[in-house]
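Note: the block below is upload_34.txt and it holds compact mmCIF, C-alpha atoms and all ligand atoms.
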```txt
# COMPACT_ATOMS: atom_id res chain seq x y z
CA MET A 146 0.00 0.00 0.00
CA ALA A 147 1.38 3.43 -0.94
CA ARG A 148 2.31 5.67 1.96
CA GLN A 149 0.37 8.90 2.29
CA THR A 150 2.31 12.07 3.02
CA ARG A 151 1.15 13.85 6.15
CA THR A 152 2.53 16.69 8.17
CA PRO A 153 3.58 15.88 11.73
CA ALA A 154 0.50 17.70 13.04
CA GLU A 155 -1.85 15.68 10.87
CA ALA A 156 -0.10 12.48 11.69
CA GLU A 157 -0.09 13.27 15.38
CA ALA A 158 -3.87 13.05 15.37
CA HIS A 159 -3.35 9.28 15.34
CA LEU A 160 -1.10 8.95 18.36
CA PRO A 161 -1.31 9.44 22.10
CA LYS A 162 -0.52 13.00 23.09
CA SER A 163 1.53 14.25 25.96
CA SER A 164 0.32 13.96 29.51
CA ALA A 165 -1.39 16.77 31.37
CA ALA A 166 1.94 17.51 33.03
CA GLY A 167 3.56 17.75 29.63
CA ARG A 168 0.85 20.11 28.41
CA LYS A 169 1.32 22.36 31.39
CA THR A 170 5.04 22.49 30.66
CA ALA A 171 4.38 23.29 27.00
CA LYS A 172 1.96 26.03 28.03
CA ALA A 173 4.53 27.51 30.36
CA ALA A 174 7.14 27.33 27.61
CA LYS A 175 4.96 29.52 25.37
CA ALA A 176 5.66 32.43 27.68
CA VAL A 177 9.40 32.09 26.96
CA ALA A 178 10.77 33.86 23.89
CA PRO A 179 12.06 31.40 21.27
CA THR A 180 15.85 31.07 21.18
CA ALA A 181 18.25 29.55 18.68
CA ALA A 182 17.45 26.28 20.39
CA ASP A 183 13.96 26.00 18.97
CA SER A 184 12.38 23.03 17.25
CA LYS A 185 13.45 24.03 13.74
CA VAL A 186 17.18 23.56 14.34
CA THR A 187 18.21 20.14 13.10
CA ALA A 188 21.34 18.00 13.13
CA PRO A 189 23.86 18.81 10.36
CA ARG A 190 24.27 15.13 9.48
CA ASP A 191 22.92 11.67 10.27
CA MET A 192 24.33 9.82 13.26
CA THR A 193 26.70 6.95 12.53
CA ARG A 194 25.72 3.45 13.61
CA PRO A 195 27.90 3.56 16.78
CA GLU A 196 26.42 6.97 17.64
CA ILE A 197 22.88 5.59 17.21
CA VAL A 198 23.62 2.69 19.54
CA GLN A 199 25.21 5.01 22.11
CA PHE A 200 22.30 7.46 21.86
CA LEU A 201 19.61 4.80 22.27
CA THR A 202 21.51 3.11 25.09
CA GLY A 203 21.43 6.47 26.87
CA LEU A 204 17.67 6.73 26.34
CA GLU A 205 17.20 3.17 27.58
CA ARG A 206 19.05 4.08 30.77
CA ALA A 207 16.89 7.18 31.17
CA TRP A 208 13.59 5.37 30.51
CA PRO A 209 14.14 1.73 31.56
CA ASP A 210 10.46 0.92 32.10
CA ALA A 211 9.08 2.93 29.20
CA GLU A 212 5.73 1.86 27.81
CA THR A 213 2.54 3.49 26.59
CA GLU A 214 0.90 5.80 29.11
CA LEU A 215 -2.57 4.78 27.89
CA HIS A 216 -4.45 2.32 30.10
CA TYR A 217 -5.64 -0.89 28.42
CA SER A 218 -6.01 -4.59 29.17
CA THR A 219 -6.56 -6.25 25.77
CA PRO A 220 -5.65 -5.54 22.13
CA PHE A 221 -9.24 -4.31 21.67
CA THR A 222 -9.10 -1.82 24.55
CA LEU A 223 -5.65 -0.68 23.39
CA LEU A 224 -7.00 -0.04 19.89
CA ILE A 225 -9.94 1.93 21.25
CA ALA A 226 -7.70 3.96 23.61
CA VAL A 227 -5.32 4.86 20.78
CA VAL A 228 -8.21 5.91 18.52
CA LEU A 229 -9.60 8.08 21.34
CA SER A 230 -6.21 9.68 21.96
CA ALA A 231 -6.17 11.61 18.68
CA GLN A 232 -5.93 15.30 19.63
CA ALA A 233 -6.42 14.46 23.29
CA THR A 234 -3.98 13.84 26.10
CA ASP A 235 -3.34 10.33 27.37
CA ALA A 236 -4.50 11.53 30.79
CA SER A 237 -7.87 12.69 29.43
CA VAL A 238 -8.35 9.37 27.64
CA ASN A 239 -7.42 7.45 30.79
CA ARG A 240 -10.14 9.35 32.67
CA VAL A 241 -12.93 8.15 30.35
CA THR A 242 -11.84 4.63 29.44
CA PRO A 243 -12.54 2.91 32.81
CA ALA A 244 -16.28 3.60 32.46
CA LEU A 245 -16.25 2.92 28.71
CA PHE A 246 -14.42 -0.41 29.02
CA ALA A 247 -16.60 -1.45 31.98
CA ALA A 248 -19.68 -0.89 29.81
CA ALA A 249 -18.15 -2.28 26.61
CA PRO A 250 -15.10 -4.52 27.08
CA ASN A 251 -15.43 -6.14 23.63
CA PRO A 252 -16.62 -5.28 20.12
CA ALA A 253 -20.10 -6.82 20.53
CA ALA A 254 -20.76 -4.79 23.69
CA MET A 255 -19.41 -1.64 22.01
CA VAL A 256 -21.82 -2.08 19.09
CA ALA A 257 -24.67 -2.71 21.55
CA LEU A 258 -23.75 0.44 23.49
CA GLY A 259 -24.09 2.40 20.26
CA GLU A 260 -22.90 5.82 19.18
CA ASP A 261 -25.03 7.72 21.71
CA GLY A 262 -24.00 5.48 24.59
CA VAL A 263 -20.31 5.75 23.72
CA GLY A 264 -20.66 9.51 23.19
CA GLU A 265 -22.13 9.95 26.68
CA LEU A 266 -19.06 8.30 28.19
CA ILE A 267 -16.35 10.08 26.19
CA ARG A 268 -17.71 13.60 25.78
CA THR A 269 -14.93 15.19 27.84
CA ILE A 270 -12.32 14.43 25.16
CA GLY A 271 -11.79 16.29 21.89
CA LEU A 272 -13.70 15.26 18.75
CA TRP A 273 -15.87 12.94 20.82
CA ARG A 274 -18.77 12.76 18.36
CA ASN A 275 -16.58 11.57 15.52
CA LYS A 276 -14.67 9.24 17.79
CA ALA A 277 -17.89 7.66 19.13
CA LYS A 278 -18.95 7.00 15.55
CA ASN A 279 -15.59 5.46 14.63
CA VAL A 280 -15.38 3.34 17.78
CA VAL A 281 -18.78 1.76 17.11
CA GLU A 282 -18.11 1.33 13.40
CA LEU A 283 -14.69 -0.25 13.89
CA SER A 284 -16.19 -2.60 16.48
CA ARG A 285 -18.80 -3.63 13.93
CA GLN A 286 -16.04 -4.18 11.35
CA LEU A 287 -14.06 -6.32 13.81
CA LEU A 288 -17.11 -8.55 14.28
CA GLU A 289 -17.85 -8.76 10.55
CA ARG A 290 -14.30 -9.22 9.27
CA HIS A 291 -12.22 -10.67 12.12
CA LYS A 292 -14.59 -12.61 14.42
CA GLY A 293 -14.30 -9.86 17.00
CA GLU A 294 -10.49 -10.05 17.22
CA VAL A 295 -8.05 -7.21 16.55
CA PRO A 296 -6.08 -8.15 13.41
CA GLY A 297 -2.29 -8.23 13.51
CA THR A 298 -1.44 -6.75 10.12
CA ARG A 299 -1.06 -3.11 9.11
CA GLU A 300 -3.34 -3.46 6.09
CA GLU A 301 -6.20 -4.94 8.11
CA LEU A 302 -5.82 -2.39 10.90
CA GLU A 303 -5.70 0.59 8.53
CA ALA A 304 -8.90 -0.65 6.86
CA LEU A 305 -10.81 -0.07 10.14
CA ALA A 306 -12.78 3.13 10.80
CA GLY A 307 -10.68 5.86 12.42
CA VAL A 308 -7.42 3.89 12.20
CA GLY A 309 -4.49 5.58 10.43
CA ARG A 310 -0.93 4.46 9.90
CA LYS A 311 0.30 5.60 13.27
CA THR A 312 -2.57 4.07 15.24
CA ALA A 313 -1.85 0.82 13.40
CA ASN A 314 1.86 1.17 14.22
CA VAL A 315 1.14 1.68 17.92
CA VAL A 316 -1.15 -1.36 18.07
CA LEU A 317 1.34 -3.51 16.15
CA ASN A 318 4.17 -2.38 18.43
CA VAL A 319 2.40 -2.58 21.79
CA ALA A 320 -0.11 -5.42 21.35
CA PHE A 321 1.67 -7.57 18.77
CA HIS A 322 5.31 -6.81 19.69
CA GLN A 323 6.21 -5.93 16.14
CA PRO A 324 9.22 -3.69 15.41
CA THR A 325 7.27 -0.65 14.21
CA VAL A 326 8.23 2.97 14.86
CA PRO A 327 5.14 5.18 15.20
CA VAL A 328 6.21 8.78 14.55
CA ASP A 329 4.36 11.44 16.51
CA THR A 330 5.37 15.07 16.89
CA HIS A 331 7.90 14.20 19.62
CA VAL A 332 9.60 11.44 17.67
CA PHE A 333 9.63 13.57 14.49
CA ARG A 334 11.34 16.44 16.31
CA LEU A 335 13.79 14.23 18.20
CA ALA A 336 14.83 12.27 15.11
CA ASN A 337 15.57 15.42 13.09
CA ARG A 338 17.14 17.35 15.93
CA THR A 339 19.57 14.64 16.99
CA GLY A 340 20.46 13.10 13.62
CA LEU A 341 18.90 9.78 14.58
CA GLY A 342 16.77 9.70 11.44
CA ARG A 343 16.24 12.93 9.53
CA GLY A 344 13.37 13.55 7.12
CA LYS A 345 10.93 16.23 6.00
CA THR A 346 7.78 14.15 6.45
CA VAL A 347 6.50 11.70 9.01
CA GLU A 348 6.80 8.93 6.45
CA ALA A 349 10.42 9.83 5.63
CA VAL A 350 11.37 9.88 9.33
CA GLU A 351 9.59 6.57 9.94
CA ALA A 352 11.44 4.97 7.03
CA ALA A 353 14.78 6.43 8.19
CA LEU A 354 14.29 5.18 11.75
CA GLU A 355 13.26 1.71 10.58
CA ARG A 356 16.34 1.55 8.37
CA ARG A 357 18.85 2.95 10.85
CA ILE A 358 17.87 1.67 14.30
CA PRO A 359 19.28 -1.78 15.16
CA LYS A 360 16.51 -4.36 14.89
CA GLU A 361 16.76 -5.43 18.52
CA MET A 362 16.22 -1.83 19.68
CA ILE A 363 13.41 -0.74 17.34
CA ARG A 364 10.40 -1.79 19.36
CA ASP A 365 11.46 -0.26 22.67
CA SER A 366 12.99 2.81 21.03
CA HIS A 367 9.46 4.02 20.22
CA HIS A 368 8.67 4.39 23.93
CA TRP A 369 12.10 5.82 24.82
CA MET A 370 11.83 8.49 22.11
CA ILE A 371 8.28 9.54 23.05
CA LEU A 372 9.13 9.99 26.73
CA GLN A 373 12.42 11.73 25.90
CA GLY A 374 10.59 14.12 23.56
CA ARG A 375 7.80 14.80 26.02
CA TYR A 376 9.83 15.41 29.12
CA VAL A 377 13.46 16.29 28.20
CA CYS A 378 13.96 17.06 24.51
CA LYS A 379 11.07 19.51 24.53
CA ALA A 380 9.94 21.48 21.50
CA ARG A 381 10.90 25.05 22.38
CA LYS A 382 13.91 24.40 24.54
CA PRO A 383 15.41 20.95 25.06
CA GLU A 384 16.94 20.33 28.47
CA CYS A 385 20.28 19.11 27.15
CA TRP A 386 22.02 19.75 30.46
CA ARG A 387 20.12 16.87 32.05
CA CYS A 388 19.92 14.59 29.00
CA ALA A 389 21.25 11.05 29.31
CA ALA A 390 22.08 10.92 25.59
CA SER A 391 23.72 14.30 25.15
CA GLU A 392 27.15 13.08 24.07
CA PRO A 393 26.24 11.32 20.81
CA CYS A 394 23.41 13.78 20.04
CA LEU A 395 24.26 16.05 17.08
CA TYR A 396 21.97 18.96 17.97
CA PRO A 397 24.19 21.96 17.30
CA VAL A 398 22.86 24.37 19.94
CA LYS A 399 22.65 22.34 23.14
CA THR A 400 21.29 24.13 26.16
CA ASP A 401 23.10 24.76 29.43
CA ARG A 402 21.71 24.36 32.91
CA PRO A 403 19.64 27.49 33.64
CA VAL A 404 21.22 29.93 36.07
CA ILE A 405 18.92 30.59 39.00
CA LYS A 406 19.45 34.12 40.25
CA PRO A 407 19.39 34.58 44.03
CA PRO A 408 16.56 36.81 45.31
CA ARG A 409 17.47 40.50 45.56
CA GLN A 410 18.47 41.63 49.01
CA THR A 411 16.33 44.45 50.38
CA LEU A 412 17.74 46.71 53.05
S1 LIG A 501 21.16 16.64 24.01
FE1 LIG A 501 19.46 18.07 23.90
S2 LIG A 501 18.78 18.01 21.78
FE2 LIG A 501 20.03 16.19 22.13
S3 LIG A 501 18.53 14.58 22.71
FE3 LIG A 501 19.31 15.50 24.58
S4 LIG A 501 17.80 17.09 25.07
FE4 LIG A 501 17.53 16.55 22.90
```
Using structure tokens, write down the structure that the file contains.
Ligand code: SF4
Amino acid sequence: MARQTRTPAEAEAHLPKSSAAGRKTAKAAKAVAPTAADSKVTAPRDMTRPEIVQFLTGLERAWPDAETELHYSTPFTLLIAVVLSAQATDASVNRVTPALFAAAPNPAAMVALGEDGVGELIRTIGLWRNKAKNVVELSRQLLERHKGEVPGTREELEALAGVGRKTANVVLNVAFHQPTVPVDTHVFRLANRTGLGRGKTVEAVEAALERRIPKEMIRDSHHWMILQGRYVCKARKPECWRCAASEPCLYPVKTDRPVIKPPRQTL
């Protein structure tokens, strides 16, 4: 199947977003004037293979227990959570899914709950009307095409309502342990900024990462990169001074530890 070209923002609509804490940080960062160290500065070259291994080993040390921050218990609930996470934070999805999965833990129950029933339970997250429609429709498709099971191939997943390439990649990676590299806004920025896998589109970065990352590291690297991008290698100003992978990183304008001025003495 031919790859569609999407911008990072469009593609991000298919992946879990940053946590509430991450959003607060991003909001706070907006008040800071952009510096040379903004998200548009990229590495001057691609990392070498030894640099890639050193970089990812650093991320592994920083995020040893990294996994998706979405709550799920089965491939079906993972698929639904990822679909719901488009343009919503993981935290906001995690607030609605306990009630939703209690009412509809499988495709048949989701179809029985119906669009209105699903909508009632998810209306605190963005685009809830459309998502309720997709969740019910994809549940119906799972029953009709796959005996109620979540399929384990990209083609079959992408044929479901509301499932794009990145949602499929997340499900394949997390539920089926396949070496996919879903590229969200954090991974896109990190890959270009560090020289891990540069590219102008999400598809180009995904292809570069799949080609360049050692096979045994691909699956986990997805989680390491997302957490690194959310909490350390932030969009406006990466926190290079506390980064575990700073040495092999090729970002040309690394940031120093901020200087905290002592309070002014008043007489
Ligand atoms: S050194 Fe800075 S730019 Fe490089 S990965 Fe770490 S935080 Fe990001």
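Taking all atoms listed in the file into account, ligand LIG 501 (chain A) lies nearest to A:Gly374 out of the set A:His331, A:Arg409, A:Gly374, A:Pro243.
Compared by their closest atoms to ligand LIG 501 (chain A), and using all atoms listed in the file, the residues A:Arg310, A:Arg285, A:Lys399, A:His216 rank with A:Lys399 nearest.
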Next item on the list: Mind checking which residues fall within 12 Å of Leu395 in chain A, counting only C-alpha atoms, ignoring those fewer than 4 positions away in the same chain, and posting them as a PyMOL selection string?
Entry: chain A and resi 186-193+196-197+200+335-343+385+390-391+399
If we count all atoms listed in the file, what is near Ala353 in chain A at a cut-off of 8 Å, once residues fewer than 2 positions away on the same chain are taken out, given as an mmCIF file with C-alpha atoms, in the coordinates of the input?
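The result, written out as around_23.cif:
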```cif
data_model
loop_
_atom_site.group_PDB
_atom_site.id
_atom_site.type_symbol
_atom_site.label_atom_id
_atom_site.label_comp_id
_atom_site.auth_asym_id
_atom_site.auth_seq_id
_atom_site.Cartn_x
_atom_site.Cartn_y
_atom_site.Cartn_z
ATOM 1 C CA GLY A 342 16.770 9.700 11.440
ATOM 2 C CA ARG A 343 16.240 12.930 9.530
ATOM 3 C CA GLY A 344 13.370 13.550 7.120
ATOM 4 C CA ALA A 349 10.420 9.830 5.630
ATOM 5 C CA VAL A 350 11.370 9.880 9.330
ATOM 6 C CA GLU A 351 9.590 6.570 9.940
ATOM 7 C CA GLU A 355 13.260 1.710 10.580
ATOM 8 C CA ARG A 356 16.340 1.550 8.370
ATOM 9 C CA ARG A 357 18.850 2.950 10.850
#
```
Margin query: Neighbouring residues of range 375-378 of chain A were defined as those with any atom within 7 Å, considering only C-alpha atoms; residues of the same chain fewer than 2 positions away were excluded. Please report them as an NGL selection string.
Written below: :A and (163 or 167 or 331 or 335 or 371-373 or 380 or 383-384 or 388)
